[in-house]
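Here is the file model_23.pdb (PDB, C-alpha atoms).
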ATOM      1  CA  MET A  29      13.541 -33.376 -40.284  1.00  0.00           C
ATOM      2  CA  THR A  30      12.255 -34.429 -36.889  1.00  0.00           C
ATOM      3  CA  VAL A  31      12.593 -32.255 -33.816  1.00  0.00           C
ATOM      4  CA  ILE A  32      11.995 -33.674 -30.379  1.00  0.00           C
ATOM      5  CA  VAL A  33      11.576 -31.302 -27.477  1.00  0.00           C
ATOM      6  CA  SER A  34      11.576 -32.639 -23.976  1.00  0.00           C
ATOM      7  CA  LYS A  35      10.772 -30.696 -20.884  1.00  0.00           C
ATOM      8  CA  PRO A  36      11.370 -31.859 -17.315  1.00  0.00           C
ATOM      9  CA  ALA A  37       8.297 -32.563 -15.209  1.00  0.00           C
ATOM     10  CA  VAL A  38       7.129 -29.754 -12.950  1.00  0.00           C
ATOM     11  CA  ASN A  39       6.246 -30.490  -9.363  1.00  0.00           C
ATOM     12  CA  LEU A  40       3.145 -28.362  -8.801  1.00  0.00           C
ATOM     13  CA  ARG A  41       2.988 -29.225  -5.108  1.00  0.00           C
ATOM     14  CA  GLU A  42       6.219 -27.341  -4.466  1.00  0.00           C
ATOM     15  CA  GLU A  43       5.036 -24.327  -6.443  1.00  0.00           C
ATOM     16  CA  LEU A  44       1.712 -24.230  -4.562  1.00  0.00           C
ATOM     17  CA  ALA A  45       3.502 -24.550  -1.234  1.00  0.00           C
ATOM     18  CA  ASP A  46       5.680 -21.571  -2.162  1.00  0.00           C
ATOM     19  CA  LEU A  47       2.590 -19.541  -3.021  1.00  0.00           C
ATOM     20  CA  ARG A  48       0.987 -20.378   0.327  1.00  0.00           C
ATOM     21  CA  ASN A  49       4.072 -19.138   2.173  1.00  0.00           C
ATOM     22  CA  GLN A  50       4.028 -15.712   0.508  1.00  0.00           C
ATOM     23  CA  PRO A  51       2.388 -12.903   2.459  1.00  0.00           C
ATOM     24  CA  ARG A  52      -1.089 -11.810   1.427  1.00  0.00           C
ATOM     25  CA  TYR A  53      -2.096  -8.170   1.493  1.00  0.00           C
ATOM     26  CA  VAL A  54      -5.413  -6.520   2.247  1.00  0.00           C
ATOM     27  CA  GLN A  55      -6.150  -3.088   0.795  1.00  0.00           C
ATOM     28  CA  GLU A  56      -8.291  -0.359   2.300  1.00  0.00           C
ATOM     29  CA  VAL A  57      -9.048   3.299   1.581  1.00  0.00           C
ATOM     30  CA  PHE A  58      -8.930   5.734   4.492  1.00  0.00           C
ATOM     31  CA  TRP A  59     -10.894   8.956   3.989  1.00  0.00           C
ATOM     32  CA  PHE A  60     -10.205  12.241   5.730  1.00  0.00           C
ATOM     33  CA  SER A  61     -11.538  15.753   5.217  1.00  0.00           C
ATOM     34  CA  GLY A  62      -9.196  18.699   4.743  1.00  0.00           C
ATOM     35  CA  ASP A  63      -9.614  21.761   6.957  1.00  0.00           C
ATOM     36  CA  ALA A  64      -6.858  24.012   5.503  1.00  0.00           C
ATOM     37  CA  SER A  65      -4.762  23.672   8.682  1.00  0.00           C
ATOM     38  CA  GLU A  66      -4.198  19.945   9.413  1.00  0.00           C
ATOM     39  CA  THR A  67      -1.199  18.523   7.537  1.00  0.00           C
ATOM     40  CA  ASP A  68      -0.714  15.137   9.269  1.00  0.00           C
ATOM     41  CA  PHE A  69      -3.056  12.188   8.742  1.00  0.00           C
ATOM     42  CA  ALA A  70      -2.330   9.021  10.749  1.00  0.00           C
ATOM     43  CA  LEU A  71      -3.441   5.591   9.590  1.00  0.00           C
ATOM     44  CA  ALA A  72      -4.627   2.793  11.837  1.00  0.00           C
ATOM     45  CA  ASP A  73      -1.969   0.505  13.302  1.00  0.00           C
ATOM     46  CA  GLY A  74      -0.455  -1.847  10.710  1.00  0.00           C
ATOM     47  CA  TRP A  75      -1.611   0.008   7.582  1.00  0.00           C
ATOM     48  CA  LYS A  76       0.990   1.377   5.136  1.00  0.00           C
ATOM     49  CA  PRO A  77       0.054   4.082   2.596  1.00  0.00           C
ATOM     50  CA  LYS A  78       0.492   3.246  -1.097  1.00  0.00           C
ATOM     51  CA  PHE A  79      -1.301   6.100  -2.906  1.00  0.00           C
ATOM     52  CA  VAL A  80      -2.500   9.476  -1.631  1.00  0.00           C
ATOM     53  CA  TYR A  81      -5.161  11.670  -3.235  1.00  0.00           C
ATOM     54  CA  ASP A  82      -6.130  15.217  -2.312  1.00  0.00           C
ATOM     55  CA  GLY A  83      -9.358  16.473  -3.859  1.00  0.00           C
ATOM     56  CA  GLY A  84      -9.219  13.636  -6.405  1.00  0.00           C
ATOM     57  CA  ALA A  85      -5.667  14.448  -7.572  1.00  0.00           C
ATOM     58  CA  LEU A  86      -2.895  11.885  -7.088  1.00  0.00           C
ATOM     59  CA  GLN A  87      -0.161  13.348  -4.896  1.00  0.00           C
ATOM     60  CA  LYS A  88       3.576  12.828  -5.289  1.00  0.00           C
ATOM     61  CA  GLU A  89       5.602  11.445  -2.381  1.00  0.00           C
ATOM     62  CA  GLY A  90       9.011  12.740  -1.374  1.00  0.00           C
ATOM     63  CA  SER A  91      10.907  15.594   0.181  1.00  0.00           C
ATOM     64  CA  GLY A  92      10.015  18.792  -1.660  1.00  0.00           C
ATOM     65  CA  ASN A  93       6.930  17.187  -3.231  1.00  0.00           C
ATOM     66  CA  ASP A  94       3.309  16.957  -2.045  1.00  0.00           C
ATOM     67  CA  TYR A  95       3.754  14.720   1.007  1.00  0.00           C
ATOM     68  CA  GLU A  96       6.115  12.534   3.009  1.00  0.00           C
ATOM     69  CA  VAL A  97       5.452   9.387   5.033  1.00  0.00           C
ATOM     70  CA  ALA A  98       6.598   9.085   8.644  1.00  0.00           C
ATOM     71  CA  TYR A  99       6.704   5.809  10.600  1.00  0.00           C
ATOM     72  CA  ASN A 100       7.148   5.541  14.366  1.00  0.00           C
ATOM     73  CA  GLY A 101       7.454   1.751  14.491  1.00  0.00           C
ATOM     74  CA  PHE A 102       3.699   1.226  14.813  1.00  0.00           C
ATOM     75  CA  ILE A 103       1.788   3.828  12.826  1.00  0.00           C
ATOM     76  CA  TYR A 104       2.358   5.433   9.419  1.00  0.00           C
ATOM     77  CA  THR A 105       1.498   9.108   9.084  1.00  0.00           C
ATOM     78  CA  VAL A 106       1.062  11.004   5.821  1.00  0.00           C
ATOM     79  CA  GLU A 107       2.503  14.510   6.243  1.00  0.00           C
ATOM     80  CA  PHE A 108       1.426  17.013   3.575  1.00  0.00           C
ATOM     81  CA  SER A 109       3.750  19.889   2.739  1.00  0.00           C
ATOM     82  CA  THR A 110       0.653  22.110   2.369  1.00  0.00           C
ATOM     83  CA  ALA A 111      -2.577  21.417   4.240  1.00  0.00           C
ATOM     84  CA  PRO A 112      -5.426  20.139   2.041  1.00  0.00           C
ATOM     85  CA  ALA A 113      -8.042  22.818   1.369  1.00  0.00           C
ATOM     86  CA  ASN A 114     -11.124  23.098   3.563  1.00  0.00           C
ATOM     87  CA  GLY A 115     -13.633  20.418   2.544  1.00  0.00           C
ATOM     88  CA  ASN A 116     -11.234  18.543   0.250  1.00  0.00           C
ATOM     89  CA  ASP A 117     -11.553  14.778   0.446  1.00  0.00           C
ATOM     90  CA  VAL A 118      -8.216  13.150   1.261  1.00  0.00           C
ATOM     91  CA  GLY A 119      -8.076   9.495   0.238  1.00  0.00           C
ATOM     92  CA  ILE A 120      -5.206   7.316   1.400  1.00  0.00           C
ATOM     93  CA  PHE A 121      -5.043   3.902  -0.252  1.00  0.00           C
ATOM     94  CA  ALA A 122      -3.220   1.619   2.151  1.00  0.00           C
ATOM     95  CA  GLU A 123      -2.346  -2.047   2.578  1.00  0.00           C
ATOM     96  CA  ARG A 124      -1.354  -4.406   5.356  1.00  0.00           C
ATOM     97  CA  GLU A 125      -0.307  -8.020   5.533  1.00  0.00           C
ATOM     98  CA  ASP A 126      -3.177 -10.443   6.107  1.00  0.00           C
ATOM     99  CA  TYR A 127      -2.057 -13.020   8.643  1.00  0.00           C
TER     100      TYR A 127
END
Represent the supplied structure as structure tokens.
Amino acid sequence: MTVIVSKPAVNLREELADLRNQPRYVQEVFWFSGDASETDFALADGWKPKFVYDGGALQKEGSGNDYEVAYNGFIYTVEFSTAPANGNDVGIFAEREDY
């Protein structure tokens, strides 16, 4: 028994062109220090938070959870439901499109 499998040719130029047109993202970690009273931490213009850590512990986003994210059209702000303890390192892993 002979089986012949044929596959259409793939145009790699089109696939590469599609890849070039997709946005690229740059990632950065923003570090803050808790003072037991500050609950809002603003990122630089254009940066969007992806993961938030307080004292090394991953925090959960959402209403009624550890934090929420606010956006005013320019700047994202991480708003903790309870202020990070005094001296706690707050790490916000963020990304932005690389133009």
Residue neighbourhood Val106 of chain A, 10 Å, only C-alpha atoms, exclusion window fewer than 6 positions, as a PyMOL selection string:
chain A and resi 67-71+76-77+80+89+95-99+120
Length of the atom CA of Lys78 of chain A to atom CA of Asp46 of chain A vector [Å]:
25.4 Å
Can you tell me, as a ChimeraX atom specification, what residues are no more than 8 Å from Phe58 of chain A when counting all atoms listed in the file, ignoring any on the same chain fewer than 2 positions away?
/A:56,60,71,119-122
Write the residues you've just listed into a file as a PDB file, in the frame of the given file, and include C-alpha atoms for each of them.
ATOM      1  CA  GLU A  56      -8.291  -0.359   2.300  1.00  0.00           C
ATOM      2  CA  PHE A  60     -10.205  12.241   5.730  1.00  0.00           C
ATOM      3  CA  LEU A  71      -3.441   5.591   9.590  1.00  0.00           C
ATOM      4  CA  GLY A 119      -8.076   9.495   0.238  1.00  0.00           C
ATOM      5  CA  ILE A 120      -5.206   7.316   1.400  1.00  0.00           C
ATOM      6  CA  PHE A 121      -5.043   3.902  -0.252  1.00  0.00           C
ATOM      7  CA  ALA A 122      -3.220   1.619   2.151  1.00  0.00           C
TER       8      ALA A 122
END
Can you work out which one of A:Glu42, A:Asp94, A:Asp63, A:Asp82 has the shortest atom-to-atom distance to Glu107 of chain A, counting only C-alpha atoms?
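Result for the nearest residue to Glu107 of chain A: A:Asp94.
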Residues at most 6 Å from Ala113 of chain A, counting only C-alpha atoms, excluding those fewer than 2 positions away in the same chain, as a PyMOL selection string?
chain A and resi 62-64+116
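Rounded to one decimal, atom CA of Thr110 of chain A and atom CA of Leu86 of chain A lie 14.4 Å from each other.
In this comparison, which uses all atoms listed in the file, the residue of A:Gly74, A:Ser109, A:Ile32, A:Asp126 approaching Gly90 of chain A most closely is A:Ser109.
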Give me, as a PyMOL selection string, all polymer residues having an atom no more than 7 Å from Val54 of chain A, counting only C-alpha atoms and skipping those fewer than 3 positions away in the same chain.
chain A and resi 123-126
Taking 6 positions as the minimum chain separation for residues in the same chain, which residues sit within 10 Å of Asp73 of chain A when counting all atoms listed in the file? Answer as number ranges by chain.
A: 101-104, 124
Between A:Ala37, A:Ala85, A:Leu44, A:Ala72, which is the closest to Val57 of chain A once you count only C-alpha atoms?
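Of A:Ala37, A:Ala85, A:Leu44, A:Ala72, the one nearest Val57 of chain A, counting only C-alpha atoms, is A:Ala72.
Remark: for Asp117 of chain A, the closest of the candidate residues A:Ala45, A:Asn39, A:Pro51, A:Gly83 is A:Gly83 (distances computed over all atoms listed in the file).
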One number please: atom CA of Gln87 of chain A to atom CA of Trp59 of chain A, in Å, one decimal.
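If I compute the distance from atom CA of Gln87 of chain A to atom CA of Trp59 of chain A, I get 14.6 Å.
For the set A:Ala111, A:Leu40, A:Leu47, A:Val118, the residue with the smallest atom-to-atom gap to Phe79 of chain A is A:Val118, counting all atoms listed in the file.
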Would you compute an axis-aligned box for segment 90-105 of chain A, covering every atom listed for it in the file with 4 Å of margin on each side, and report centre and edge lengths in Å to one decimal as JSON?
{"center_x": 6.2, "center_y": 10.0, "center_z": 5.8, "size_x": 17.4, "size_y": 25.6, "size_z": 26.0}
Completion of segment 76-87 of chain A up to all heavy atoms, as a PDB file, in the coordinates of the input:
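Okay, this is what ended up in selection-v7.pdb:
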ATOM      1  N   LYS A  76      -0.070   0.616   5.800  1.00  0.00           N
ATOM      2  CA  LYS A  76       0.990   1.377   5.136  1.00  0.00           C
ATOM      3  C   LYS A  76       0.418   2.058   3.892  1.00  0.00           C
ATOM      4  O   LYS A  76      -0.192   1.395   3.059  1.00  0.00           O
ATOM      5  CB  LYS A  76       2.126   0.437   4.737  1.00  0.00           C
ATOM      6  CG  LYS A  76       3.294   1.132   4.093  1.00  0.00           C
ATOM      7  CD  LYS A  76       4.409   0.154   3.769  1.00  0.00           C
ATOM      8  CE  LYS A  76       5.584   0.873   3.147  1.00  0.00           C
ATOM      9  NZ  LYS A  76       6.683  -0.032   2.833  1.00  0.00           N
ATOM     10  N   PRO A  77       0.619   3.384   3.748  1.00  0.00           N
ATOM     11  CA  PRO A  77       0.054   4.082   2.596  1.00  0.00           C
ATOM     12  C   PRO A  77       0.751   3.705   1.288  1.00  0.00           C
ATOM     13  O   PRO A  77       1.967   3.534   1.250  1.00  0.00           O
ATOM     14  CB  PRO A  77       0.288   5.563   2.923  1.00  0.00           C
ATOM     15  CG  PRO A  77       1.434   5.568   3.875  1.00  0.00           C
ATOM     16  CD  PRO A  77       1.347   4.286   4.645  1.00  0.00           C
ATOM     17  N   LYS A  78      -0.040   3.544   0.238  1.00  0.00           N
ATOM     18  CA  LYS A  78       0.492   3.246  -1.097  1.00  0.00           C
ATOM     19  C   LYS A  78       0.258   4.413  -2.049  1.00  0.00           C
ATOM     20  O   LYS A  78       1.139   4.775  -2.798  1.00  0.00           O
ATOM     21  CB  LYS A  78      -0.162   1.975  -1.664  1.00  0.00           C
ATOM     22  CG  LYS A  78       0.076   0.724  -0.842  1.00  0.00           C
ATOM     23  CD  LYS A  78       1.532   0.445  -0.617  1.00  0.00           C
ATOM     24  CE  LYS A  78       2.185  -0.178  -1.814  1.00  0.00           C
ATOM     25  NZ  LYS A  78       3.595  -0.474  -1.646  1.00  0.00           N
ATOM     26  N   PHE A  79      -0.950   4.972  -2.049  1.00  0.00           N
ATOM     27  CA  PHE A  79      -1.301   6.100  -2.906  1.00  0.00           C
ATOM     28  C   PHE A  79      -2.061   7.122  -2.079  1.00  0.00           C
ATOM     29  O   PHE A  79      -2.855   6.758  -1.212  1.00  0.00           O
ATOM     30  CB  PHE A  79      -2.181   5.660  -4.082  1.00  0.00           C
ATOM     31  CG  PHE A  79      -1.551   4.607  -4.943  1.00  0.00           C
ATOM     32  CD1 PHE A  79      -1.962   3.292  -4.857  1.00  0.00           C
ATOM     33  CD2 PHE A  79      -0.547   4.931  -5.836  1.00  0.00           C
ATOM     34  CE1 PHE A  79      -1.384   2.313  -5.639  1.00  0.00           C
ATOM     35  CE2 PHE A  79       0.047   3.962  -6.624  1.00  0.00           C
ATOM     36  CZ  PHE A  79      -0.373   2.647  -6.527  1.00  0.00           C
ATOM     37  N   VAL A  80      -1.833   8.396  -2.366  1.00  0.00           N
ATOM     38  CA  VAL A  80      -2.500   9.476  -1.631  1.00  0.00           C
ATOM     39  C   VAL A  80      -3.149  10.430  -2.639  1.00  0.00           C
ATOM     40  O   VAL A  80      -2.498  10.849  -3.605  1.00  0.00           O
ATOM     41  CB  VAL A  80      -1.496  10.239  -0.738  1.00  0.00           C
ATOM     42  CG1 VAL A  80      -2.169  11.407  -0.045  1.00  0.00           C
ATOM     43  CG2 VAL A  80      -0.876   9.293   0.289  1.00  0.00           C
ATOM     44  N   TYR A  81      -4.414  10.740  -2.387  1.00  0.00           N
ATOM     45  CA  TYR A  81      -5.161  11.670  -3.235  1.00  0.00           C
ATOM     46  C   TYR A  81      -5.659  12.835  -2.386  1.00  0.00           C
ATOM     47  O   TYR A  81      -6.080  12.647  -1.248  1.00  0.00           O
ATOM     48  CB  TYR A  81      -6.368  10.970  -3.865  1.00  0.00           C
ATOM     49  CG  TYR A  81      -5.991   9.942  -4.904  1.00  0.00           C
ATOM     50  CD1 TYR A  81      -5.667   8.648  -4.542  1.00  0.00           C
ATOM     51  CD2 TYR A  81      -5.953  10.281  -6.247  1.00  0.00           C
ATOM     52  CE1 TYR A  81      -5.307   7.705  -5.495  1.00  0.00           C
ATOM     53  CE2 TYR A  81      -5.602   9.351  -7.210  1.00  0.00           C
ATOM     54  CZ  TYR A  81      -5.276   8.062  -6.826  1.00  0.00           C
ATOM     55  OH  TYR A  81      -4.922   7.139  -7.777  1.00  0.00           O
ATOM     56  N   ASP A  82      -5.597  14.020  -2.959  1.00  0.00           N
ATOM     57  CA  ASP A  82      -6.130  15.217  -2.312  1.00  0.00           C
ATOM     58  C   ASP A  82      -7.086  15.870  -3.301  1.00  0.00           C
ATOM     59  O   ASP A  82      -6.663  16.309  -4.370  1.00  0.00           O
ATOM     60  CB  ASP A  82      -5.000  16.182  -1.939  1.00  0.00           C
ATOM     61  CG  ASP A  82      -5.506  17.470  -1.316  1.00  0.00           C
ATOM     62  OD1 ASP A  82      -6.701  17.553  -0.985  1.00  0.00           O
ATOM     63  OD2 ASP A  82      -4.700  18.404  -1.166  1.00  0.00           O
ATOM     64  N   GLY A  83      -8.363  15.891  -2.963  1.00  0.00           N
ATOM     65  CA  GLY A  83      -9.358  16.473  -3.859  1.00  0.00           C
ATOM     66  C   GLY A  83      -9.438  15.745  -5.188  1.00  0.00           C
ATOM     67  O   GLY A  83      -9.711  16.349  -6.219  1.00  0.00           O
ATOM     68  N   GLY A  84      -9.156  14.440  -5.194  1.00  0.00           N
ATOM     69  CA  GLY A  84      -9.219  13.636  -6.405  1.00  0.00           C
ATOM     70  C   GLY A  84      -7.934  13.611  -7.215  1.00  0.00           C
ATOM     71  O   GLY A  84      -7.834  12.877  -8.189  1.00  0.00           O
ATOM     72  N   ALA A  85      -6.934  14.401  -6.835  1.00  0.00           N
ATOM     73  CA  ALA A  85      -5.667  14.448  -7.572  1.00  0.00           C
ATOM     74  C   ALA A  85      -4.617  13.587  -6.867  1.00  0.00           C
ATOM     75  O   ALA A  85      -4.406  13.718  -5.656  1.00  0.00           O
ATOM     76  CB  ALA A  85      -5.170  15.883  -7.679  1.00  0.00           C
ATOM     77  N   LEU A  86      -3.964  12.716  -7.628  1.00  0.00           N
ATOM     78  CA  LEU A  86      -2.895  11.885  -7.088  1.00  0.00           C
ATOM     79  C   LEU A  86      -1.736  12.774  -6.659  1.00  0.00           C
ATOM     80  O   LEU A  86      -1.294  13.644  -7.410  1.00  0.00           O
ATOM     81  CB  LEU A  86      -2.424  10.875  -8.142  1.00  0.00           C
ATOM     82  CG  LEU A  86      -1.290   9.939  -7.740  1.00  0.00           C
ATOM     83  CD1 LEU A  86      -1.723   9.034  -6.582  1.00  0.00           C
ATOM     84  CD2 LEU A  86      -0.856   9.094  -8.933  1.00  0.00           C
ATOM     85  N   GLN A  87      -1.252  12.553  -5.443  1.00  0.00           N
ATOM     86  CA  GLN A  87      -0.161  13.348  -4.896  1.00  0.00           C
ATOM     87  C   GLN A  87       1.171  12.625  -5.061  1.00  0.00           C
ATOM     88  O   GLN A  87       1.217  11.399  -5.118  1.00  0.00           O
ATOM     89  CB  GLN A  87      -0.418  13.639  -3.414  1.00  0.00           C
ATOM     90  CG  GLN A  87      -1.738  14.343  -3.143  1.00  0.00           C
ATOM     91  CD  GLN A  87      -1.791  15.714  -3.763  1.00  0.00           C
ATOM     92  OE1 GLN A  87      -1.058  16.609  -3.384  1.00  0.00           O
ATOM     93  NE2 GLN A  87      -2.657  15.891  -4.760  1.00  0.00           N
TER      94      GLN A  87
END
